[in-house]
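*Asks:* Contents of coords-v8.txt (compact mmCIF, C-alpha atoms) are below:
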```txt
# COMPACT_ATOMS: atom_id res chain seq x y z
CA MET A 1 -18.61 -20.56 14.05
CA TYR A 2 -19.20 -20.65 17.82
CA HIS A 3 -15.65 -19.39 18.52
CA GLN A 4 -16.07 -16.46 16.15
CA PHE A 5 -19.22 -15.43 18.02
CA LEU A 6 -17.37 -15.53 21.35
CA LEU A 7 -14.59 -13.33 19.95
CA PHE A 8 -17.17 -10.79 18.84
CA ILE A 9 -18.79 -10.64 22.28
CA ASN A 10 -15.42 -10.17 24.01
CA MET A 11 -14.08 -7.60 21.55
CA PRO A 12 -11.69 -5.18 23.28
CA LYS A 13 -12.95 -1.60 23.64
CA ILE A 14 -10.95 1.59 23.12
CA LEU A 15 -11.76 3.68 26.18
CA LYS A 16 -9.67 6.75 25.36
CA LYS A 17 -7.46 7.91 22.52
CA SER A 18 -5.21 10.96 22.75
CA SER A 19 -2.51 12.46 20.56
CA LEU A 20 1.13 12.14 21.66
CA TYR A 21 2.77 13.64 18.56
CA LYS A 22 1.82 14.97 15.11
CA SER A 23 4.04 15.39 12.06
CA LYS A 24 3.25 16.20 8.41
CA LEU A 25 2.83 12.50 7.61
CA PHE A 26 1.94 10.73 10.87
CA ASN A 27 0.11 11.03 14.15
CA ILE A 28 1.14 8.99 17.17
CA ASN A 29 -1.77 8.34 19.51
CA GLU A 30 -2.01 6.69 22.89
CA ALA A 31 -5.01 4.42 23.39
CA LYS A 32 -6.36 2.90 26.59
CA ILE A 33 -7.92 -0.42 25.60
CA GLN A 34 -10.12 -2.49 27.83
CA PHE A 35 -9.77 -6.23 27.44
CA GLN A 36 -11.84 -8.81 29.29
CA ASN A 37 -9.50 -8.86 32.32
CA ASP A 38 -7.25 -5.81 31.95
CA ILE A 39 -6.83 -2.27 30.64
CA LEU A 40 -3.68 -1.73 28.58
CA ASP A 41 -1.97 1.27 26.98
CA TYR A 42 -1.14 1.07 23.27
CA GLU A 43 0.59 3.47 20.92
CA ILE A 44 -0.99 3.68 17.48
CA ILE A 45 0.60 5.31 14.44
CA SER A 46 -1.95 6.89 12.12
CA GLY A 47 -1.21 8.16 8.66
CA ALA A 48 -2.32 11.68 7.90
CA GLY A 49 -4.68 11.75 4.95
CA CYS A 50 -6.93 9.38 3.06
CA GLY A 51 -4.69 6.34 2.70
CA ALA A 52 -2.66 5.23 -0.29
CA VAL A 53 -2.87 3.18 -3.46
CA LEU A 54 -0.52 0.48 -4.72
CA ILE A 55 -1.05 -0.29 -8.39
CA ILE A 56 -0.28 -3.50 -10.28
CA PRO A 57 0.22 -2.25 -13.86
CA VAL A 58 -0.20 -5.06 -16.40
CA LEU A 59 1.25 -4.44 -19.85
CA GLU A 60 0.71 -7.49 -22.06
CA ASN A 61 2.32 -10.32 -20.03
CA ASN A 62 4.46 -7.96 -17.94
CA ILE A 63 4.14 -6.20 -14.61
CA ILE A 64 5.73 -2.77 -14.36
CA PHE A 65 7.88 -2.42 -11.23
CA ILE A 66 9.89 0.59 -10.13
CA LYS A 67 13.17 0.99 -8.28
CA GLU A 68 12.97 3.92 -5.89
CA TYR A 69 15.01 5.36 -3.03
CA ALA A 70 13.61 4.46 0.40
CA ALA A 71 14.81 7.01 2.97
CA ALA A 72 13.97 4.90 6.04
CA VAL A 73 16.44 2.18 4.99
CA ASP A 74 18.79 4.51 3.07
CA ASP A 75 18.80 2.30 -0.01
CA TYR A 76 16.86 1.57 -3.17
CA MET A 77 13.84 -0.71 -3.06
CA ILE A 78 11.76 -2.58 -5.60
CA THR A 79 8.14 -1.55 -5.47
CA LEU A 80 5.11 -0.89 -7.63
CA PRO A 81 3.61 2.48 -8.53
CA LYS A 82 2.08 3.87 -5.35
CA GLY A 83 1.22 7.03 -3.53
CA LYS A 84 -1.14 8.86 -1.26
CA ILE A 85 -4.77 9.56 -2.08
CA ASP A 86 -5.33 13.30 -2.14
CA SER A 87 -8.36 14.63 -0.26
CA ASN A 88 -10.13 15.64 -3.48
CA GLU A 89 -9.81 12.31 -5.33
CA THR A 90 -11.07 8.73 -5.26
CA MET A 91 -8.76 5.74 -4.98
CA TYR A 92 -9.30 5.16 -8.73
CA GLU A 93 -8.29 8.72 -9.60
CA ALA A 94 -5.25 8.46 -7.32
CA ALA A 95 -4.23 5.18 -8.96
CA ASN A 96 -4.48 6.69 -12.44
CA ARG A 97 -2.55 9.79 -11.38
CA GLU A 98 0.23 7.76 -9.75
CA LEU A 99 0.50 5.53 -12.84
CA GLN A 100 1.02 8.58 -15.03
CA GLU A 101 3.47 10.23 -12.63
CA GLU A 102 5.59 7.16 -11.89
CA VAL A 103 5.55 4.93 -15.01
CA GLY A 104 4.10 7.07 -17.83
CA PHE A 105 0.84 5.20 -18.43
CA LYS A 106 -2.85 5.70 -17.72
CA SER A 107 -5.59 3.11 -17.61
CA ASP A 108 -9.27 3.00 -18.47
CA LYS A 109 -9.53 -0.31 -16.60
CA ILE A 110 -8.58 0.01 -12.93
CA GLN A 111 -9.98 -2.49 -10.46
CA PHE A 112 -9.87 -2.48 -6.65
CA ILE A 113 -8.37 -5.75 -5.33
CA LYS A 114 -7.80 -5.61 -1.57
CA GLU A 115 -7.18 -3.39 1.46
CA LEU A 116 -3.69 -3.85 2.89
CA TYR A 117 -2.45 -2.93 6.37
CA LEU A 118 1.31 -2.90 6.96
CA ALA A 119 1.33 -3.67 10.70
CA PRO A 120 -2.26 -3.49 11.99
CA GLY A 121 -1.24 -4.15 15.59
CA TYR A 122 0.06 -0.58 15.84
CA ILE A 123 -0.29 1.18 12.46
CA ASP A 124 -3.74 1.99 11.05
CA HIS A 125 -2.52 3.23 7.64
CA ILE A 126 -4.41 1.62 4.77
CA THR A 127 -3.22 0.89 1.24
CA TYR A 128 -5.69 0.01 -1.50
CA MET A 129 -4.23 -2.55 -3.90
CA MET A 130 -5.43 -1.85 -7.43
CA LEU A 131 -5.05 -3.67 -10.77
CA ALA A 132 -4.51 -1.52 -13.88
CA GLU A 133 -4.95 -2.99 -17.35
CA SER A 134 -5.44 -1.59 -20.86
CA LEU A 135 -2.53 0.80 -20.34
CA GLN A 136 -2.00 3.77 -22.66
CA LEU A 137 0.98 6.11 -22.79
CA SER A 138 0.33 9.25 -20.75
CA SER A 139 2.54 11.08 -18.28
CA LEU A 140 2.17 13.69 -15.57
CA THR A 141 4.85 15.45 -13.55
CA GLY A 142 5.04 13.85 -10.12
CA ASP A 143 6.60 14.73 -6.79
CA GLU A 144 9.56 12.32 -6.92
CA PRO A 145 12.91 14.00 -6.24
CA GLU A 146 14.67 11.83 -8.85
CA ASN A 147 13.78 9.78 -11.92
CA LEU A 148 12.41 6.35 -11.05
CA GLU A 149 13.86 3.28 -12.74
CA ILE A 150 11.02 1.49 -14.55
CA ILE A 151 11.40 -2.30 -14.84
CA ASN A 152 9.09 -4.49 -16.95
CA VAL A 153 9.05 -8.08 -15.70
CA GLU A 154 7.31 -11.00 -17.42
CA ILE A 155 4.76 -12.52 -15.03
CA PRO A 156 6.41 -15.99 -15.02
CA ARG A 157 9.78 -14.40 -14.10
CA ILE A 158 8.59 -12.26 -11.15
CA ASN A 159 9.88 -14.58 -8.40
CA ALA A 160 13.36 -14.78 -9.95
CA PHE A 161 13.38 -10.99 -10.38
CA LEU A 162 12.49 -10.40 -6.70
CA ARG A 163 15.10 -12.93 -5.49
CA GLY A 164 17.72 -10.79 -7.19
CA HIS A 165 17.00 -7.71 -5.07
CA LYS A 166 17.79 -6.96 -1.44
CA ILE A 167 15.03 -4.53 -0.41
CA ILE A 168 11.46 -5.06 -1.56
CA ASP A 169 8.38 -3.17 -0.42
CA SER A 170 6.42 -5.80 1.54
CA ARG A 171 3.21 -4.83 -0.25
CA VAL A 172 4.75 -6.16 -3.47
CA TYR A 173 4.45 -9.70 -2.10
CA ALA A 174 0.68 -9.27 -1.63
CA ALA A 175 0.46 -8.03 -5.23
CA VAL A 176 2.56 -10.92 -6.53
CA ASN A 177 0.39 -13.38 -4.60
CA TYR A 178 -2.67 -11.89 -6.29
CA ILE A 179 -1.08 -12.04 -9.77
CA GLN A 180 0.12 -15.61 -9.36
CA ASN A 181 -3.11 -16.95 -7.86
CA SER A 182 -5.95 -14.88 -9.28
CA TYR A 183 -4.95 -13.01 -12.40
CA GLU A 184 -5.67 -14.45 -15.83
```
Render the structure in this file as structure tokens.
*Replies:*
Amino acid sequence: MYHQFLLFINMPKILKKSSLYKSKLFNINEAKIQFQNDILDYEIISGAGCGAVLIIPVLENNIIFIKEYAAAVDDYMITLPKGKIDSNETMYEAANRELQEEVGFKSDKIQFIKELYLAPGYIDHITYMMLAESLQLSSLTGDEPENLEIINVEIPRINAFLRGHKIIDSRVYAAVNYIQNSYE
């Protein structure tokens, strides 16, 4: 407990933050941060918008995964339904919308699980991990440029399923950890 108190007292302080570059999706900022014995320059990538949701859809004893093209690695990845939170919606509304757009279900039982940060040392983008149960068929037209492959995987077979794929969204592992350790 004593060490935690010392860390709080010596918390670094952002002295100045200025924009280096802005795109439609990201802002790159430069930050001058004062540490106990030094002032350092950092670059911080900020997502434009209100964050994102990653949804764990549970259908009976299955989790619904999707296979989707990932432009940054020029290949297909295994992921879960996900997407940005629009400025006029809550994380729960965004989760329900993304479920309907990406896998053709809606849920009356969506629960917030955890905030996830991809690389908090230099990216401040936040993803809200959500659990969706009591799924009912319902679809909306989404913004995907191609049809997503929907893959139902029995919970006990998730690890074997993931081992069989090359590129997996890292947030999936946080979701799988939750399912395997907390979900009943």
*Asks:* Separation of CA of Lys13 in chain A and CA of Phe35 in chain A, in Å?
*Replies:*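 Separation of CA of Lys13 in chain A and CA of Phe35 in chain A: 6.8 Å.
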*Asks:* I want to know what sits within 7 Å of range 50-62 of chain A, based on all atoms listed in the file, with residues of the same chain fewer than 3 positions away left out; could you give that as number ranges by chain?
*Replies:* A: 80-87, 91, 94-95, 125-133, 135, 152-155, 175
*Asks:* Pick the closest to Asn147 in chain A from A:Glu101, A:Ala160, A:Gly121, A:Val176: which is it, counting only C-alpha atoms?
*Replies:*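 For Asn147 in chain A, the nearest of the given residues is A:Glu101.
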*Asks:* Which residues are near Lys22 in chain A? Cut-off 10 Å, all atoms listed in the file, ignore same chain within fewer than 4 positions. Put them as a list of chain:residue names.
*Replies:* A:Phe26, A:Asn27, A:Ile28, A:Asn29, A:Ile45, A:Ser46, A:Gly47, A:Ala48
*Asks:* May I have the protein, DNA and RNA residues with any atom at most 8 Å from the point (5.2, 5.8, -21.5), counting all atoms listed in the file, written as a ChimeraX atom specification?
*Replies:* /A:103-105,136-139
*Asks:* When you draw a straight line from CA of Phe112 in chain A to CA of Ile66 in chain A, how long is it in Å?
*Replies:*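 Separation of CA of Phe112 in chain A and CA of Ile66 in chain A: 20.3 Å.
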*Asks:* In Å, with one decimal, what is the gap from CA of Gln111 in chain A to CA of Pro145 in chain A?
*Replies:*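 Interatomic distance, CA of Gln111 in chain A to CA of Pro145 in chain A: 28.5 Å.
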*Asks:* Complete range 40-62 of chain A at the level of N, CA and C atoms, written as an mmCIF file, keeping the file's coordinate frame.
*Replies:*
```cif
data_model
loop_
_atom_site.group_PDB
_atom_site.id
_atom_site.type_symbol
_atom_site.label_atom_id
_atom_site.label_comp_id
_atom_site.auth_asym_id
_atom_site.auth_seq_id
_atom_site.Cartn_x
_atom_site.Cartn_y
_atom_site.Cartn_z
ATOM 1 N N LEU A 40 -5.064 -1.910 29.019
ATOM 2 C CA LEU A 40 -3.680 -1.730 28.580
ATOM 3 C C LEU A 40 -3.530 -0.452 27.765
ATOM 4 N N ASP A 41 -2.310 0.099 27.792
ATOM 5 C CA ASP A 41 -1.970 1.270 26.980
ATOM 6 C C ASP A 41 -1.295 0.810 25.699
ATOM 7 N N TYR A 42 -1.737 1.347 24.575
ATOM 8 C CA TYR A 42 -1.140 1.070 23.270
ATOM 9 C C TYR A 42 -0.755 2.387 22.624
ATOM 10 N N GLU A 43 0.271 2.349 21.784
ATOM 11 C CA GLU A 43 0.590 3.470 20.920
ATOM 12 C C GLU A 43 0.213 3.068 19.504
ATOM 13 N N ILE A 44 -0.503 3.952 18.828
ATOM 14 C CA ILE A 44 -0.990 3.680 17.480
ATOM 15 C C ILE A 44 -0.483 4.783 16.555
ATOM 16 N N ILE A 45 0.136 4.366 15.452
ATOM 17 C CA ILE A 45 0.600 5.310 14.440
ATOM 18 C C ILE A 45 -0.480 5.422 13.383
ATOM 19 N N SER A 46 -0.926 6.636 13.130
ATOM 20 C CA SER A 46 -1.950 6.890 12.120
ATOM 21 C C SER A 46 -1.344 7.726 11.007
ATOM 22 N N GLY A 47 -1.637 7.341 9.786
ATOM 23 C CA GLY A 47 -1.210 8.160 8.660
ATOM 24 C C GLY A 47 -2.103 9.370 8.544
ATOM 25 N N ALA A 48 -1.513 10.490 8.164
ATOM 26 C CA ALA A 48 -2.320 11.680 7.900
ATOM 27 C C ALA A 48 -2.873 11.537 6.487
ATOM 28 N N GLY A 49 -4.119 11.799 6.293
ATOM 29 C CA GLY A 49 -4.680 11.750 4.950
ATOM 30 C C GLY A 49 -5.680 10.642 4.747
ATOM 31 N N CYS A 50 -5.853 10.284 3.485
ATOM 32 C CA CYS A 50 -6.930 9.380 3.060
ATOM 33 C C CYS A 50 -6.439 7.996 2.673
ATOM 34 N N GLY A 51 -5.238 7.628 3.072
ATOM 35 C CA GLY A 51 -4.690 6.340 2.700
ATOM 36 C C GLY A 51 -3.850 6.443 1.440
ATOM 37 N N ALA A 52 -3.530 5.285 0.883
ATOM 38 C CA ALA A 52 -2.660 5.230 -0.290
ATOM 39 C C ALA A 52 -3.142 4.155 -1.253
ATOM 40 N N VAL A 53 -2.608 4.212 -2.455
ATOM 41 C CA VAL A 53 -2.870 3.180 -3.460
ATOM 42 C C VAL A 53 -1.546 2.524 -3.837
ATOM 43 N N LEU A 54 -1.616 1.243 -4.142
ATOM 44 C CA LEU A 54 -0.520 0.480 -4.720
ATOM 45 C C LEU A 54 -1.086 -0.155 -5.971
ATOM 46 N N ILE A 55 -0.462 0.119 -7.116
ATOM 47 C CA ILE A 55 -1.050 -0.290 -8.390
ATOM 48 C C ILE A 55 -0.219 -1.395 -9.022
ATOM 49 N N ILE A 56 -0.905 -2.429 -9.509
ATOM 50 C CA ILE A 56 -0.280 -3.500 -10.280
ATOM 51 C C ILE A 56 -0.546 -3.182 -11.752
ATOM 52 N N PRO A 57 0.435 -2.580 -12.455
ATOM 53 C CA PRO A 57 0.220 -2.250 -13.860
ATOM 54 C C PRO A 57 0.567 -3.454 -14.750
ATOM 55 N N VAL A 58 -0.405 -3.920 -15.515
ATOM 56 C CA VAL A 58 -0.200 -5.060 -16.400
ATOM 57 C C VAL A 58 -0.111 -4.548 -17.832
ATOM 58 N N LEU A 59 1.020 -4.820 -18.464
ATOM 59 C CA LEU A 59 1.250 -4.440 -19.850
ATOM 60 C C LEU A 59 1.588 -5.717 -20.610
ATOM 61 N N GLU A 60 0.616 -6.193 -21.395
ATOM 62 C CA GLU A 60 0.710 -7.490 -22.060
ATOM 63 C C GLU A 60 0.927 -8.558 -21.004
ATOM 64 N N ASN A 61 2.059 -9.278 -21.031
ATOM 65 C CA ASN A 61 2.320 -10.320 -20.030
ATOM 66 C C ASN A 61 3.368 -9.861 -19.023
ATOM 67 N N ASN A 62 3.465 -8.536 -18.836
ATOM 68 C CA ASN A 62 4.460 -7.960 -17.940
ATOM 69 C C ASN A 62 3.800 -7.166 -16.825
#
```
